[in-house]
file query-v9.cif (mmCIF, C-alpha atoms)
data_upload
loop_
_atom_site.group_PDB
_atom_site.id
_atom_site.type_symbol
_atom_site.label_atom_id
_atom_site.label_comp_id
_atom_site.auth_asym_id
_atom_site.auth_seq_id
_atom_site.Cartn_x
_atom_site.Cartn_y
_atom_site.Cartn_z
ATOM 1 C CA MET A 1475 -11.711 300.013 137.573
ATOM 2 C CA LYS A 1476 -8.106 299.043 138.208
ATOM 3 C CA LYS A 1477 -6.863 295.713 139.523
ATOM 4 C CA ILE A 1478 -4.700 296.454 142.535
ATOM 5 C CA ALA A 1479 -2.762 293.890 144.555
ATOM 6 C CA LEU A 1480 -1.522 294.704 148.035
ATOM 7 C CA ILE A 1481 1.275 292.440 149.235
ATOM 8 C CA LEU A 1482 1.399 292.332 153.021
ATOM 9 C CA THR A 1483 4.590 291.129 154.693
ATOM 10 C CA GLN A 1484 4.504 292.350 158.319
ATOM 11 C CA SER A 1485 2.985 290.646 161.350
ATOM 12 C CA ALA A 1486 -0.108 292.247 162.836
ATOM 13 C CA PHE A 1487 1.450 294.534 165.423
ATOM 14 C CA SER A 1488 5.098 294.814 164.434
ATOM 15 C CA GLN A 1489 4.540 298.112 162.604
ATOM 16 C CA SER A 1490 1.665 300.418 161.774
ATOM 17 C CA SER A 1491 2.036 299.463 158.095
ATOM 18 C CA SER A 1492 -0.190 296.412 158.632
ATOM 19 C CA ARG A 1493 -3.110 298.532 159.827
ATOM 20 C CA GLU A 1494 -2.459 301.151 157.158
ATOM 21 C CA ALA A 1495 -2.409 298.518 154.401
ATOM 22 C CA GLN A 1496 -5.733 297.134 155.558
ATOM 23 C CA ASP A 1497 -7.238 300.643 155.651
ATOM 24 C CA LEU A 1498 -5.847 301.321 152.162
ATOM 25 C CA ALA A 1499 -7.366 298.101 150.817
ATOM 26 C CA MET A 1500 -10.820 299.029 152.065
ATOM 27 C CA ALA A 1501 -10.491 302.615 150.782
ATOM 28 C CA LEU A 1502 -9.465 301.416 147.311
ATOM 29 C CA ALA A 1503 -12.286 298.886 147.228
ATOM 30 C CA ALA A 1504 -14.770 301.555 148.308
ATOM 31 C CA VAL A 1505 -13.989 303.545 145.155
ATOM 32 C CA GLU A 1506 -14.618 300.559 142.907
ATOM 33 C CA HIS A 1507 -11.134 299.133 142.443
ATOM 34 C CA GLN A 1508 -10.717 295.371 142.349
ATOM 35 C CA VAL A 1509 -8.448 294.711 145.327
ATOM 36 C CA THR A 1510 -6.476 291.538 145.919
ATOM 37 C CA LEU A 1511 -4.757 291.042 149.268
ATOM 38 C CA ILE A 1512 -1.736 288.761 149.354
ATOM 39 C CA TYR A 1513 -0.361 287.721 152.743
ATOM 40 C CA LEU A 1514 3.257 286.540 152.669
ATOM 41 C CA GLY A 1515 5.471 285.326 155.498
ATOM 42 C CA ALA A 1516 4.682 286.761 158.932
ATOM 43 C CA ALA A 1517 1.732 288.696 157.492
ATOM 44 C CA ILE A 1518 -0.444 285.596 157.736
ATOM 45 C CA THR A 1519 -0.473 286.125 161.505
ATOM 46 C CA GLN A 1520 -2.732 289.116 160.778
ATOM 47 C CA LEU A 1521 -5.426 286.608 159.829
ATOM 48 C CA LEU A 1522 -5.413 284.815 163.181
ATOM 49 C CA PRO A 1523 -8.146 285.587 165.697
ATOM 50 C CA LEU A 1524 -6.448 287.659 168.394
ATOM 51 C CA THR A 1525 -7.453 287.611 172.028
ATOM 52 C CA ALA A 1526 -4.664 289.394 173.897
ATOM 53 C CA THR A 1527 -4.638 292.817 172.259
ATOM 54 C CA GLN A 1528 -5.681 294.615 175.445
ATOM 55 C CA SER A 1529 -2.620 293.290 177.240
ATOM 56 C CA LEU A 1530 -0.530 294.595 174.328
ATOM 57 C CA GLY A 1531 -2.092 298.026 174.775
ATOM 58 C CA VAL A 1532 -3.287 298.231 171.174
ATOM 59 C CA LYS A 1533 -6.592 298.136 169.359
ATOM 60 C CA ASP A 1534 -7.312 294.992 167.329
ATOM 61 C CA PHE A 1535 -7.573 296.438 163.818
ATOM 62 C CA THR A 1536 -7.697 292.928 162.348
ATOM 63 C CA ALA A 1537 -11.325 292.510 163.418
ATOM 64 C CA ALA A 1538 -12.237 294.697 160.416
ATOM 65 C CA GLN A 1539 -11.167 291.837 158.124
ATOM 66 C CA LYS A 1540 -14.694 290.510 158.519
ATOM 67 C CA LEU A 1541 -15.790 293.563 156.506
ATOM 68 C CA PHE A 1542 -13.752 292.607 153.431
ATOM 69 C CA ALA A 1543 -16.786 290.945 151.828
ATOM 70 C CA LEU A 1544 -18.846 294.098 152.394
ATOM 71 C CA TYR A 1545 -16.195 296.057 150.489
ATOM 72 C CA ASP A 1546 -16.140 293.412 147.720
ATOM 73 C CA ILE A 1547 -12.598 292.344 148.592
ATOM 74 C CA GLU A 1548 -13.117 288.767 147.545
ATOM 75 C CA GLN A 1549 -9.599 287.718 146.677
ATOM 76 C CA VAL A 1550 -7.585 287.164 149.840
ATOM 77 C CA VAL A 1551 -4.529 285.020 149.159
ATOM 78 C CA VAL A 1552 -2.031 283.400 151.504
ATOM 79 C CA ALA A 1553 1.232 281.820 150.493
ATOM 80 C CA THR A 1554 1.274 278.073 150.981
ATOM 81 C CA ASP A 1555 4.882 278.167 152.177
ATOM 82 C CA ALA A 1556 3.959 280.670 154.914
ATOM 83 C CA MET A 1557 1.098 278.454 156.068
ATOM 84 C CA LEU A 1558 3.533 275.548 156.304
ATOM 85 C CA LEU A 1559 6.172 277.639 158.081
ATOM 86 C CA TYR A 1560 3.700 278.786 160.750
ATOM 87 C CA GLN A 1561 1.988 275.381 160.828
ATOM 88 C CA LEU A 1562 -1.445 276.849 160.166
ATOM 89 C CA THR A 1563 -4.507 275.590 158.366
ATOM 90 C CA ALA A 1564 -7.140 277.703 156.625
ATOM 91 C CA ASP A 1565 -9.662 276.704 159.319
ATOM 92 C CA GLU A 1566 -7.601 278.547 161.931
ATOM 93 C CA LEU A 1567 -7.819 281.870 160.118
ATOM 94 C CA ARG A 1568 -10.413 284.546 160.800
ATOM 95 C CA ILE A 1569 -11.660 284.755 157.204
ATOM 96 C CA ASP A 1570 -11.801 282.560 154.121
ATOM 97 C CA VAL A 1571 -8.615 282.622 152.064
ATOM 98 C CA THR A 1572 -7.144 281.040 148.967
ATOM 99 C CA GLU A 1573 -3.822 279.274 149.409
ATOM 100 C CA LEU A 1574 -1.471 279.663 146.458
ATOM 101 C CA SER A 1575 2.056 278.558 145.695
ATOM 102 C CA THR A 1576 4.768 281.118 144.981
ATOM 103 C CA ALA A 1577 4.466 280.402 141.248
ATOM 104 C CA ASP A 1578 0.681 280.916 141.323
ATOM 105 C CA ILE A 1579 1.092 284.187 143.245
ATOM 106 C CA SER A 1580 3.577 285.368 140.617
ATOM 107 C CA ALA A 1581 1.050 284.552 137.886
ATOM 108 C CA LEU A 1582 -1.659 286.418 139.805
ATOM 109 C CA LEU A 1583 0.565 289.483 140.098
ATOM 110 C CA LEU A 1584 1.033 289.549 136.326
ATOM 111 C CA GLN A 1585 -2.725 290.117 135.982
ATOM 112 C CA GLN A 1586 -2.710 293.272 138.151
ATOM 113 C CA ASP A 1587 -2.617 296.889 136.991
ATOM 114 C CA HIS A 1588 -0.830 298.056 140.153
ATOM 115 C CA ILE A 1589 1.083 296.250 142.904
ATOM 116 C CA LEU A 1590 1.779 297.772 146.316
ATOM 117 C CA ARG A 1591 4.066 296.122 148.838
ATOM 118 C CA CYS A 1592 3.111 297.014 152.385
#
call {"tool": "encode", "arguments": {"input": "query-v9.cif", "output": "structure tokens"}}
result
Amino acid sequence: MKKIALILTQSAFSQSSSREAQDLAMALAAVEHQVTLIYLGAAITQLLPLTATQSLGVKDFTAAQKLFALYDIEQVVVATDAMLLYQLTADELRIDVTELSTADISALLLQQDHILRC
């Protein structure tokens, strides 16, 4: 089993890479890898409950985040500075997360076997 961190940096619907990264995380976890998701910057908007996706003409792929626990993706991290920038609290997010400082995220990344930036 490898420890794999996926660093997400894009907002939910700015590019298809957000959906693809989420699909990749679940696929890696399904084959017994220990997956850590790290949401930086605008990526934390992926964790907000969305209500207007039909008006955007897109499917809400973020609803699958509720399945992370089923796939044993237990470590979902958000950057504290991004939470402050977007004026969000953990209670506003769709799933439970761990807030970490930039230094703590750097330390977490040192523990990983592979790091993918999405």
call {"tool": "residues_around", "arguments": {"input": "query-v9.cif", "residues": "stretch 1534-1544 of chain A", "least_positions_apart": "6", "cutoff": "12 Å", "atoms": "only C-alpha atoms", "output": "compact mmCIF listing (two decimals) with C-alpha atoms, keeping the file's coordinate frame"}}
result
# COMPACT_ATOMS: atom_id res chain seq x y z
CA SER A 1485 2.98 290.65 161.35
CA ALA A 1486 -0.11 292.25 162.84
CA PHE A 1487 1.45 294.53 165.42
CA SER A 1490 1.66 300.42 161.77
CA SER A 1491 2.04 299.46 158.10
CA SER A 1492 -0.19 296.41 158.63
CA ARG A 1493 -3.11 298.53 159.83
CA GLU A 1494 -2.46 301.15 157.16
CA ALA A 1495 -2.41 298.52 154.40
CA GLN A 1496 -5.73 297.13 155.56
CA ASP A 1497 -7.24 300.64 155.65
CA LEU A 1498 -5.85 301.32 152.16
CA ALA A 1499 -7.37 298.10 150.82
CA MET A 1500 -10.82 299.03 152.06
CA ALA A 1501 -10.49 302.62 150.78
CA LEU A 1502 -9.46 301.42 147.31
CA ALA A 1503 -12.29 298.89 147.23
CA ALA A 1504 -14.77 301.56 148.31
CA GLN A 1508 -10.72 295.37 142.35
CA VAL A 1509 -8.45 294.71 145.33
CA THR A 1510 -6.48 291.54 145.92
CA LEU A 1511 -4.76 291.04 149.27
CA ALA A 1517 1.73 288.70 157.49
CA ILE A 1518 -0.44 285.60 157.74
CA THR A 1519 -0.47 286.12 161.50
CA GLN A 1520 -2.73 289.12 160.78
CA LEU A 1521 -5.43 286.61 159.83
CA LEU A 1522 -5.41 284.82 163.18
CA PRO A 1523 -8.15 285.59 165.70
CA LEU A 1524 -6.45 287.66 168.39
CA THR A 1525 -7.45 287.61 172.03
CA ALA A 1526 -4.66 289.39 173.90
CA THR A 1527 -4.64 292.82 172.26
CA GLN A 1528 -5.68 294.62 175.44
CA VAL A 1550 -7.58 287.16 149.84
CA LEU A 1567 -7.82 281.87 160.12
CA ARG A 1568 -10.41 284.55 160.80
CA ILE A 1569 -11.66 284.76 157.20
CA ASP A 1570 -11.80 282.56 154.12
CA VAL A 1571 -8.62 282.62 152.06
call {"tool": "closest_residue", "arguments": {"input": "query-v9.cif", "among": "A:Ala1516, A:Val1505, A:Val1551, A:Leu1562", "to": "A:Ser1575", "atoms": "all atoms listed in the file"}}
result
A:Val1551
call {"tool": "closest_residue", "arguments": {"input": "query-v9.cif", "among": "A:Ile1512, A:Thr1572, A:Leu1559, A:Glu1506", "to": "A:Leu1590", "atoms": "only C-alpha atoms"}}
result
A:Ile1512
call {"tool": "atom_distance", "arguments": {"input": "query-v9.cif", "atom1": "atom CA of A:Ile1579", "atom2": "atom CA of A:Ala1553"}}
result
7.6 Å
call {"tool": "axis_aligned_box", "arguments": {"input": "query-v9.cif", "around": "stretch 1542-1561 of chain A", "padding_each_side": "5 Å", "output": "JSON"}}
result
{"center_x": -6.3, "center_y": 285.7, "center_z": 153.8, "size_x": 35.0, "size_y": 30.7, "size_z": 24.2}
call {"tool": "decode", "arguments": {"input": "query-v9.cif", "residues": "stretch 1566-1577 of chain A", "atoms": "all heavy atoms", "output": "mmCIF file, in the first residue's frame"}}
result
data_model
loop_
_atom_site.group_PDB
_atom_site.id
_atom_site.type_symbol
_atom_site.label_atom_id
_atom_site.label_comp_id
_atom_site.auth_asym_id
_atom_site.auth_seq_id
_atom_site.Cartn_x
_atom_site.Cartn_y
_atom_site.Cartn_z
ATOM 1 N N GLU A 1566 -19.434 24.805 7.322
ATOM 2 C CA GLU A 1566 -20.070 25.131 6.050
ATOM 3 C C GLU A 1566 -19.743 24.127 4.947
ATOM 4 O O GLU A 1566 -20.369 24.147 3.888
ATOM 5 C CB GLU A 1566 -19.640 26.528 5.588
ATOM 6 C CG GLU A 1566 -20.094 27.634 6.510
ATOM 7 C CD GLU A 1566 -19.528 28.976 6.099
ATOM 8 O OE1 GLU A 1566 -18.386 29.282 6.491
ATOM 9 O OE2 GLU A 1566 -20.230 29.693 5.357
ATOM 10 N N LEU A 1567 -18.785 23.261 5.184
ATOM 11 C CA LEU A 1567 -18.348 22.329 4.163
ATOM 12 C C LEU A 1567 -19.196 21.059 4.174
ATOM 13 O O LEU A 1567 -19.759 20.684 5.194
ATOM 14 C CB LEU A 1567 -16.866 21.995 4.363
ATOM 15 C CG LEU A 1567 -15.923 23.202 4.380
ATOM 16 C CD1 LEU A 1567 -14.493 22.756 4.582
ATOM 17 C CD2 LEU A 1567 -16.063 24.045 3.124
ATOM 18 N N ARG A 1568 -19.231 20.401 3.033
ATOM 19 C CA ARG A 1568 -20.071 19.221 2.850
ATOM 20 C C ARG A 1568 -19.615 18.023 3.685
ATOM 21 O O ARG A 1568 -20.424 17.210 4.111
ATOM 22 C CB ARG A 1568 -20.043 18.831 1.370
ATOM 23 C CG ARG A 1568 -20.924 17.666 1.004
ATOM 24 C CD ARG A 1568 -20.708 17.227 -0.429
ATOM 25 N NE ARG A 1568 -20.837 18.291 -1.379
ATOM 26 C CZ ARG A 1568 -21.873 18.455 -2.216
ATOM 27 N NH1 ARG A 1568 -22.854 17.601 -2.203
ATOM 28 N NH2 ARG A 1568 -21.894 19.447 -3.064
ATOM 29 N N ILE A 1569 -18.313 17.901 3.904
ATOM 30 C CA ILE A 1569 -17.770 16.761 4.635
ATOM 31 C C ILE A 1569 -16.827 17.257 5.733
ATOM 32 O O ILE A 1569 -16.428 18.410 5.746
ATOM 33 C CB ILE A 1569 -17.014 15.792 3.696
ATOM 34 C CG1 ILE A 1569 -15.869 16.515 2.987
ATOM 35 C CG2 ILE A 1569 -17.965 15.139 2.703
ATOM 36 C CD1 ILE A 1569 -14.981 15.624 2.139
ATOM 37 N N ASP A 1570 -16.473 16.347 6.621
ATOM 38 C CA ASP A 1570 -15.530 16.679 7.688
ATOM 39 C C ASP A 1570 -14.122 16.805 7.110
ATOM 40 O O ASP A 1570 -13.714 15.989 6.277
ATOM 41 C CB ASP A 1570 -15.531 15.603 8.776
ATOM 42 C CG ASP A 1570 -16.828 15.585 9.559
ATOM 43 O OD1 ASP A 1570 -17.493 16.637 9.647
ATOM 44 O OD2 ASP A 1570 -17.177 14.512 10.089
ATOM 45 N N VAL A 1571 -13.415 17.818 7.548
ATOM 46 C CA VAL A 1571 -12.059 18.075 7.064
ATOM 47 C C VAL A 1571 -11.149 18.382 8.245
ATOM 48 O O VAL A 1571 -11.618 18.667 9.341
ATOM 49 C CB VAL A 1571 -12.027 19.270 6.070
ATOM 50 C CG1 VAL A 1571 -12.877 18.986 4.839
ATOM 51 C CG2 VAL A 1571 -12.455 20.556 6.738
ATOM 52 N N THR A 1572 -9.854 18.349 7.962
ATOM 53 C CA THR A 1572 -8.850 18.779 8.925
ATOM 54 C C THR A 1572 -8.202 20.027 8.367
ATOM 55 O O THR A 1572 -7.720 20.023 7.233
ATOM 56 C CB THR A 1572 -7.779 17.679 9.110
ATOM 57 O OG1 THR A 1572 -8.414 16.481 9.538
ATOM 58 C CG2 THR A 1572 -6.735 18.107 10.115
ATOM 59 N N GLU A 1573 -8.223 21.095 9.149
ATOM 60 C CA GLU A 1573 -7.558 22.335 8.742
ATOM 61 C C GLU A 1573 -6.105 22.287 9.184
ATOM 62 O O GLU A 1573 -5.823 22.000 10.340
ATOM 63 C CB GLU A 1573 -8.224 23.548 9.412
ATOM 64 C CG GLU A 1573 -9.359 24.129 8.641
ATOM 65 C CD GLU A 1573 -9.839 25.442 9.263
ATOM 66 O OE1 GLU A 1573 -9.066 26.426 9.267
ATOM 67 O OE2 GLU A 1573 -10.976 25.457 9.747
ATOM 68 N N LEU A 1574 -5.202 22.576 8.241
ATOM 69 C CA LEU A 1574 -3.777 22.589 8.567
ATOM 70 C C LEU A 1574 -3.120 23.847 8.014
ATOM 71 O O LEU A 1574 -3.510 24.351 6.955
ATOM 72 C CB LEU A 1574 -3.069 21.366 7.976
ATOM 73 C CG LEU A 1574 -3.424 19.990 8.541
ATOM 74 C CD1 LEU A 1574 -2.636 18.908 7.814
ATOM 75 C CD2 LEU A 1574 -3.165 19.920 10.029
ATOM 76 N N SER A 1575 -2.105 24.294 8.705
ATOM 77 C CA SER A 1575 -1.308 25.423 8.233
ATOM 78 C C SER A 1575 -0.435 24.961 7.066
ATOM 79 O O SER A 1575 -0.258 23.757 6.830
ATOM 80 C CB SER A 1575 -0.424 25.949 9.356
ATOM 81 O OG SER A 1575 0.572 24.989 9.664
ATOM 82 N N THR A 1576 0.152 25.911 6.375
ATOM 83 C CA THR A 1576 1.051 25.586 5.261
ATOM 84 C C THR A 1576 2.227 24.729 5.740
ATOM 85 O O THR A 1576 2.614 23.773 5.070
ATOM 86 C CB THR A 1576 1.564 26.891 4.616
ATOM 87 O OG1 THR A 1576 0.435 27.663 4.192
ATOM 88 C CG2 THR A 1576 2.449 26.607 3.430
ATOM 89 N N ALA A 1577 2.768 25.054 6.898
ATOM 90 C CA ALA A 1577 3.892 24.276 7.439
ATOM 91 C C ALA A 1577 3.465 22.842 7.745
ATOM 92 O O ALA A 1577 4.214 21.890 7.465
ATOM 93 C CB ALA A 1577 4.440 24.942 8.692
#
